[in-house]
Every structure is written in structure tokens, then in C-alpha cells.
Amino acid sequence: MRAAIVEAVGKVSVTTVPDPTPGPRDVVVAVAACGICGTDLHILQGEFAPTLPIVPGHEFAGEIVEIGAEVTELSVGDKVAVDPSLYCNECRYCRSGRGNLCDRWNAIGVSKPGGAAEFAVAPVANCVKLPDHIDVKDAALIEPLSCAVRGYDVLRSTLGADVLIYGSGTMGLMMLELAKRTGAAGVDVLDINPERLATAGKLGCSRTAASADEFDRPGGWDVVIDATGSAGAIQDGLGRIAKGGTFLQFGVADYATTAVIEPYRIYNKEITITGSMAVLHSYERAAALFATGVLDPAVFISDRLPLEQYPQAIDRFKAGQGRKIVVQP
């Protein structure tokens, strides 16, 4: 089969690799579409993936073409979206229900061969069967949506909160859509990319700007979400939190990224600073939300490229062009 391969740091290509074989409780999925996200750039930079080479791609969906000998829950021909998370189910974090913090955390497309290929193997337990009305080529959006759902689980948002989101890429826009549905009184969005900001406006945010200084809000926001991973955005956002407010680090920063906090301000204003790591008990809920039309794929997916153009898709994503970019075998 054809697959993208991150061969070494900074080097990615598309080549022929052996077809995957399912274990007893696995299925083989013919990939319909695979999304590209910031994690894929980190892998290309030599972060996250424990070893290279690796077939990337943790946002994917497709049709089952082969099942393992012990699989009874799904059948050949079923359309599925795949939760890439792989937990040990033995460490203290797994035993306490926090598998996303697993000491032996693995993921399809990060430490195991992923969906940037014609076929991918996944445990049957990680597959969510999709209803007939969903176009499986759009369902690569479910994995990032599940991360956004997890983010709002962490926030435990209260009704009437004023929200500020840094970044209007795919994840920032998903956080916007969920903020609207979790009772936010207003949602302001920041980005230096005018095209992306225009999309945020189209989706119904309250205000858009390139800098928070353009907003007249000296008291700050109840909820500040960084969806960029950028040191500058993070540092600025930490200074925009209202009394009793919460800052969510949702964007994935580079390992070396740092920011300065003001301990007295955190104490005196009872500020909460928290993070959201990947997926936790949120994938099936995201699939259910997706089935209701919570996201418009025509808005969120800006580019659909053939798998053979995976290196070009990575370059386009790295340059900040478009929104969600998917490759299709």
C-alpha cells in the first residue's frame, strides 16, 4: 500500500509499505480521509513520536475492509471514525480514569502506524461506527472535535461567561463553536491571519481582532483559551484573565516554549491556569455531536489533497494556509 512516512527529523515522503494485518481484536480500515494538525508538525520536528520512521496521521476515518478473528462488534463495510488513543490500562492514571495521562501513552499515528496511508489498523474498541448520513470523508474532523470536547470538560464552563480565544485555525474555530453551545455570553477571537478571522466572523463570534488591545475590556475575560501554542499569544493571554477567571492551554506548544506567570496575581485574583491533553472519554460524544451537524465540513475543511501530495500538504499547513487540510488516498 501507499503511505506517508516521516523518515527522519524534517524528512517526509510517500512510499510503498507492506499492507497491515489485523490482530485478533483489530480491524483494518480503508482510509477515506486523514487530517493534518500541529502534532504532525511536532513529529516532523522530532517531538512526540518516540521513534522514527513512523506513518503519521491520527485524525482519520474510513471503511472497514478486514476484521480480526475475535471481532464481533463491527463488520466489513462499516464506516468508522478512529480514536487514536492507546492506553496501558494498568498505570495509576489509567486506573483512576485518566488514560490521557497514561504513563505508557501511545497513539495511532504518533507511536504506531497511522492513517496517512491507504489502510490502517486499529483496535475495534477505538472505532466508532458512523451513521449512514455522514460522509466518511468529512469524519476526520471527529478526532480534533473530541479534543475540543475534552477542553470544555476541563473548563467546566458556567453560563454567561465571556470568552477570549487566541487563534482561529481549526481548533480555535471548534472551541468557538463549542463556546456558543455551552452558554457563553460572548466569544471574541484573535488572529493575525485575516482570512481565518473572517471565518470566525462567519461562524458567529462576537468580535474579531488582531490584538486584544483592540477590544475595550480592561477587566479581562472570564475564560481565555490559547489555541495557538505560540509563546507570544500565551504570554498575552495570561494577562487578559479576569478576576476568578480561567486560562486554558489548549494549543500544543513546542517543548522549549516558556511563559512568565505572576504568582501574586494568580493568588490575589483567584485565577486558574489549566491544560487539556488530547482525548478523554470524549470521542464518542464528539462523534454524536458531529452527527447532529455541530460543524459544517464545508467551512472547516479548506483543502483536500491526494495522499501522494502529503509533503505539500504539510508545507501548506506549516505556512498557516487554509483551515483543516486533509489527504485522501
# chains A, B, ... in the order shown; residues from 1 in each chain; ligands from 1

$ closest_atom_pairs --of "segment 274-309 of chain A" --to "segment 239-257 of chain A" --cutoff "10 Å" --atoms "only C-alpha atoms" --output "Markdown table"
| residue | atom | partner | partner_atom | distance |
| --- | --- | --- | --- | --- |
| A:Thr274 | CA | A:Leu248 | CA | 5.1 |
| A:Gly275 | CA | A:Gln249 | CA | 4.6 |
| A:Ser276 | CA | A:Phe250 | CA | 5.6 |
| A:Met277 | CA | A:Phe250 | CA | 7.6 |
| A:Ala278 | CA | A:Phe250 | CA | 9.0 |

$ residues_around --residues "segment 80-92 of chain A" --least-positions-apart "2" --cutoff "9 Å" --atoms "only C-alpha atoms" --output "PyMOL selection string"
chain A and resi 29+58-64+78+94-110+114+122-131+136+139-140+142-143+146+278-280+283-284+287

$ write_last_selection --atoms "N, CA and C atoms" --output "compact mmCIF listing (two decimals), in the first residue's frame"
# COMPACT_ATOMS: atom_id res chain seq x y z
N VAL A 29 -8.83 -0.57 8.36
CA VAL A 29 -9.67 0.49 7.81
C VAL A 29 -9.08 0.99 6.50
N HIS A 58 -3.25 10.82 12.85
CA HIS A 58 -4.10 10.37 13.96
C HIS A 58 -5.53 10.86 13.84
N GLU A 59 -5.83 11.63 12.80
CA GLU A 59 -7.19 12.09 12.56
C GLU A 59 -7.70 11.41 11.29
N PHE A 60 -8.39 10.28 11.43
CA PHE A 60 -8.81 9.60 10.20
C PHE A 60 -10.08 8.81 10.40
N ALA A 61 -10.70 8.53 9.28
CA ALA A 61 -11.93 7.74 9.24
C ALA A 61 -11.95 6.98 7.92
N GLY A 62 -12.74 5.94 7.86
CA GLY A 62 -12.82 5.16 6.63
C GLY A 62 -13.78 4.00 6.77
N GLU A 63 -13.59 3.01 5.92
CA GLU A 63 -14.47 1.84 5.87
C GLU A 63 -13.69 0.58 6.24
N ILE A 64 -14.27 -0.24 7.07
CA ILE A 64 -13.61 -1.48 7.48
C ILE A 64 -13.56 -2.45 6.30
N ASP A 78 -18.56 -1.48 7.38
CA ASP A 78 -18.98 -0.42 8.31
C ASP A 78 -18.08 0.81 8.15
N CYS A 94 -4.41 5.45 34.41
CA CYS A 94 -5.45 4.66 33.75
C CYS A 94 -6.44 4.11 34.77
N ARG A 95 -5.93 3.63 35.90
CA ARG A 95 -6.80 3.05 36.91
C ARG A 95 -7.72 4.10 37.55
N SER A 96 -7.30 5.36 37.50
CA SER A 96 -8.13 6.43 38.05
C SER A 96 -8.99 7.10 36.98
N GLY A 97 -9.02 6.51 35.78
CA GLY A 97 -9.88 7.04 34.72
C GLY A 97 -9.28 8.19 33.94
N ARG A 98 -7.97 8.39 34.04
CA ARG A 98 -7.32 9.48 33.32
C ARG A 98 -6.30 8.93 32.32
N GLY A 99 -6.82 8.13 31.40
CA GLY A 99 -5.96 7.45 30.43
C GLY A 99 -5.16 8.38 29.55
N ASN A 100 -5.63 9.61 29.34
CA ASN A 100 -4.86 10.53 28.50
C ASN A 100 -3.53 10.92 29.16
N LEU A 101 -3.39 10.64 30.45
CA LEU A 101 -2.13 10.89 31.16
C LEU A 101 -1.35 9.60 31.40
N CYS A 102 -1.72 8.55 30.71
CA CYS A 102 -1.12 7.22 30.86
C CYS A 102 0.40 7.28 30.85
N ASP A 103 1.01 6.56 31.79
CA ASP A 103 2.47 6.50 31.84
C ASP A 103 3.06 5.86 30.59
N ARG A 104 2.27 5.01 29.93
CA ARG A 104 2.75 4.32 28.72
C ARG A 104 1.92 4.75 27.52
N TRP A 105 1.53 6.02 27.52
CA TRP A 105 0.63 6.54 26.49
C TRP A 105 1.20 6.30 25.09
N ASN A 106 0.35 5.78 24.23
CA ASN A 106 0.68 5.61 22.82
C ASN A 106 -0.48 6.14 21.99
N ALA A 107 -0.25 6.30 20.70
CA ALA A 107 -1.33 6.74 19.82
C ALA A 107 -1.07 6.28 18.40
N ILE A 108 -2.14 5.90 17.73
CA ILE A 108 -2.06 5.60 16.30
C ILE A 108 -1.67 6.89 15.57
N GLY A 109 -0.66 6.80 14.75
CA GLY A 109 -0.18 7.97 14.03
C GLY A 109 0.87 8.77 14.76
N VAL A 110 1.19 8.35 16.00
CA VAL A 110 2.23 9.01 16.78
C VAL A 110 3.32 8.00 17.16
N GLY A 114 -0.06 5.17 11.42
CA GLY A 114 -1.30 5.92 11.41
C GLY A 114 -2.07 5.90 10.10
N ALA A 122 -6.54 -0.61 13.56
CA ALA A 122 -6.98 -0.01 14.82
C ALA A 122 -7.67 -1.06 15.66
N PRO A 123 -7.54 -0.98 16.99
CA PRO A 123 -8.32 -1.87 17.85
C PRO A 123 -9.81 -1.61 17.65
N VAL A 124 -10.60 -2.65 17.67
CA VAL A 124 -12.04 -2.47 17.47
C VAL A 124 -12.62 -1.55 18.54
N ALA A 125 -12.05 -1.56 19.74
CA ALA A 125 -12.54 -0.71 20.82
C ALA A 125 -12.35 0.78 20.53
N ASN A 126 -11.47 1.11 19.60
CA ASN A 126 -11.20 2.50 19.26
C ASN A 126 -12.03 3.01 18.10
N CYS A 127 -12.88 2.15 17.56
CA CYS A 127 -13.66 2.52 16.38
C CYS A 127 -15.09 2.87 16.74
N VAL A 128 -15.57 3.98 16.22
CA VAL A 128 -16.95 4.40 16.43
C VAL A 128 -17.68 4.29 15.09
N LYS A 129 -18.71 3.48 15.07
CA LYS A 129 -19.48 3.31 13.84
C LYS A 129 -20.25 4.58 13.53
N LEU A 130 -20.21 4.99 12.27
CA LEU A 130 -20.84 6.24 11.85
C LEU A 130 -22.20 5.98 11.21
N PRO A 131 -23.15 6.87 11.44
CA PRO A 131 -24.46 6.72 10.79
C PRO A 131 -24.36 6.94 9.30
N VAL A 136 -18.04 9.87 5.08
CA VAL A 136 -16.86 9.42 5.83
C VAL A 136 -15.63 10.27 5.49
N ALA A 139 -15.37 12.84 8.16
CA ALA A 139 -15.32 12.37 9.54
C ALA A 139 -13.93 12.43 10.17
N ALA A 140 -12.91 12.83 9.40
CA ALA A 140 -11.60 13.08 10.01
C ALA A 140 -11.68 14.25 11.00
N ILE A 142 -13.74 14.44 13.40
CA ILE A 142 -14.23 13.99 14.70
C ILE A 142 -13.11 13.96 15.74
N GLU A 143 -11.91 13.55 15.37
CA GLU A 143 -10.83 13.47 16.35
C GLU A 143 -10.48 14.85 16.91
N SER A 146 -13.13 15.91 19.24
CA SER A 146 -13.09 15.22 20.54
C SER A 146 -12.08 15.87 21.48
N ALA A 278 -5.23 16.12 24.75
CA ALA A 278 -5.79 15.14 23.81
C ALA A 278 -7.23 14.76 24.13
N VAL A 279 -7.51 13.47 24.14
CA VAL A 279 -8.86 12.93 24.21
C VAL A 279 -9.05 12.18 25.52
N LEU A 280 -10.18 12.37 26.17
CA LEU A 280 -10.50 11.58 27.35
C LEU A 280 -12.02 11.45 27.46
N TYR A 283 -14.48 10.98 22.73
CA TYR A 283 -14.51 10.69 21.30
C TYR A 283 -15.92 10.33 20.82
N GLU A 284 -16.60 9.47 21.57
CA GLU A 284 -17.95 9.08 21.15
C GLU A 284 -18.92 10.26 21.23
N ALA A 287 -18.33 12.29 18.17
CA ALA A 287 -18.97 11.66 17.01
C ALA A 287 -20.46 11.93 17.01

$ atom_distance --atom1 "atom CA of Leu197 of chain A" --atom2 "atom CA of Ala209 of chain A"
7.6 Å

$ closest_residue --among "A:Tyr93, A:Pro24, A:Ala231, A:Ala32" --to "Ala69 of chain A" --atoms "only C-alpha atoms"
A:Pro24

$ closest_residue --among "A:Val6, A:Phe119, A:Leu176, A:Pro218" --to "Gly201 of chain A" --atoms "only C-alpha atoms"
A:Leu176

$ residues_around --residues "Leu307 of chain A" --least-positions-apart "4" --cutoff "6 Å" --atoms "only C-alpha atoms" --output "PyMOL selection string"
chain A and resi 327-329

$ residues_around --residues "Gly169 of chain A" --least-positions-apart "6" --cutoff "9 Å" --atoms "only C-alpha atoms" --output "number ranges by chain"
A: 191, 196-197, 200, 227-228, 300, 320, 322-324

$ select_by_dssp --residues "segment 154-244 of chain A" --states "helix (DSSP H, G or I)" --output "number ranges by chain"
A: 154-155, 170-181, 194-202, 212-214, 231-238

$ closest_residue --among "A:Pro53, A:Gly35, A:Gly68, A:Gly232" --to "Pro22 of chain A" --atoms "only C-alpha atoms"
A:Gly68

$ closest_residue --among "A:Met171, A:Val294, A:Ala288, A:Ala117" --to "Gly38 of chain A" --atoms "only C-alpha atoms"
A:Met171

$ select_by_dssp --residues "segment 109-142 of chain A" --states "strand (DSSP E)" --output "list in words"
Phe119, Ala120, Val121, Ala122, Pro123, Cys127, Val128 and Lys129 of chain A

$ write_last_selection --atoms "all heavy atoms" --output "mmCIF file, in the first residue's frame"
data_model
loop_
_atom_site.group_PDB
_atom_site.id
_atom_site.type_symbol
_atom_site.label_atom_id
_atom_site.label_comp_id
_atom_site.auth_asym_id
_atom_site.auth_seq_id
_atom_site.Cartn_x
_atom_site.Cartn_y
_atom_site.Cartn_z
ATOM 1 N N PHE A 119 -4.390 2.168 4.058
ATOM 2 C CA PHE A 119 -5.025 1.323 5.061
ATOM 3 C C PHE A 119 -4.360 1.550 6.414
ATOM 4 O O PHE A 119 -3.176 1.864 6.492
ATOM 5 C CB PHE A 119 -4.919 -0.161 4.676
ATOM 6 C CG PHE A 119 -5.504 -0.500 3.334
ATOM 7 C CD1 PHE A 119 -4.678 -0.614 2.219
ATOM 8 C CD2 PHE A 119 -6.866 -0.688 3.176
ATOM 9 C CE1 PHE A 119 -5.203 -0.917 0.970
ATOM 10 C CE2 PHE A 119 -7.401 -0.992 1.932
ATOM 11 C CZ PHE A 119 -6.574 -1.108 0.825
ATOM 12 N N ALA A 120 -5.141 1.358 7.478
ATOM 13 C CA ALA A 120 -4.601 1.497 8.830
ATOM 14 C C ALA A 120 -5.260 0.465 9.734
ATOM 15 O O ALA A 120 -6.432 0.112 9.548
ATOM 16 C CB ALA A 120 -4.847 2.899 9.367
ATOM 17 N N VAL A 121 -4.498 -0.007 10.716
ATOM 18 C CA VAL A 121 -5.018 -0.959 11.705
ATOM 19 C C VAL A 121 -5.409 -0.201 12.963
ATOM 20 O O VAL A 121 -4.710 0.724 13.386
ATOM 21 C CB VAL A 121 -3.959 -2.025 12.046
ATOM 22 C CG1 VAL A 121 -4.388 -2.847 13.261
ATOM 23 C CG2 VAL A 121 -3.730 -2.947 10.874
ATOM 24 N N ALA A 122 -6.539 -0.608 13.561
ATOM 25 C CA ALA A 122 -6.980 -0.011 14.816
ATOM 26 C C ALA A 122 -7.668 -1.058 15.664
ATOM 27 O O ALA A 122 -8.333 -1.957 15.134
ATOM 28 C CB ALA A 122 -7.937 1.152 14.552
ATOM 29 N N PRO A 123 -7.542 -0.980 16.994
ATOM 30 C CA PRO A 123 -8.321 -1.868 17.851
ATOM 31 C C PRO A 123 -9.813 -1.612 17.650
ATOM 32 O O PRO A 123 -10.230 -0.454 17.482
ATOM 33 C CB PRO A 123 -7.885 -1.464 19.265
ATOM 34 C CG PRO A 123 -6.567 -0.779 19.089
ATOM 35 C CD PRO A 123 -6.648 -0.090 17.760
ATOM 36 N N CYS A 127 -12.880 2.155 17.561
ATOM 37 C CA CYS A 127 -13.657 2.519 16.376
ATOM 38 C C CYS A 127 -15.091 2.870 16.741
ATOM 39 O O CYS A 127 -15.750 2.139 17.485
ATOM 40 C CB CYS A 127 -13.660 1.369 15.377
ATOM 41 S SG CYS A 127 -12.020 0.944 14.748
ATOM 42 N N VAL A 128 -15.567 3.975 16.224
ATOM 43 C CA VAL A 128 -16.952 4.401 16.428
ATOM 44 C C VAL A 128 -17.676 4.291 15.092
ATOM 45 O O VAL A 128 -17.278 4.924 14.107
ATOM 46 C CB VAL A 128 -17.018 5.845 16.948
ATOM 47 C CG1 VAL A 128 -18.464 6.308 17.040
ATOM 48 C CG2 VAL A 128 -16.334 5.955 18.297
ATOM 49 N N LYS A 129 -18.713 3.478 15.071
ATOM 50 C CA LYS A 129 -19.482 3.305 13.837
ATOM 51 C C LYS A 129 -20.250 4.579 13.527
ATOM 52 O O LYS A 129 -20.872 5.181 14.408
ATOM 53 C CB LYS A 129 -20.446 2.124 13.975
ATOM 54 C CG LYS A 129 -21.177 1.777 12.678
ATOM 55 C CD LYS A 129 -22.039 0.539 12.850
ATOM 56 C CE LYS A 129 -22.796 0.211 11.570
ATOM 57 N NZ LYS A 129 -23.640 -1.004 11.719
#

$ atom_distance --atom1 "atom CA of Ser168 of chain A" --atom2 "atom CA of Gly57 of chain A"
21.8 Å

$ closest_residue --among "A:Asp26, A:Asp303, A:His42, A:Pro50" --to "Thr72 of chain A" --atoms "only C-alpha atoms"
A:Asp26

$ closest_residue --among "A:Ile165, A:Val27, A:Ala298, A:Ala313" --to "Val12 of chain A" --atoms "only C-alpha atoms"
A:Ala313

$ atom_distance --atom1 "atom CA of Pro297 of chain A" --atom2 "atom CA of Asp138 of chain A"
6.1 Å

$ residues_around --residues "Ala179 of chain A" --least-positions-apart "5" --cutoff "12 Å" --atoms "only C-alpha atoms" --output "PyMOL selection string"
chain A and resi 148-149+151-153+155-165+172-174+184-189+203-206+223-225+294

$ residues_around --residues "Glu308 of chain A" --least-positions-apart "3" --cutoff "8 Å" --atoms "only C-alpha atoms" --output "ChimeraX atom specification"
/A:4,14,311,329
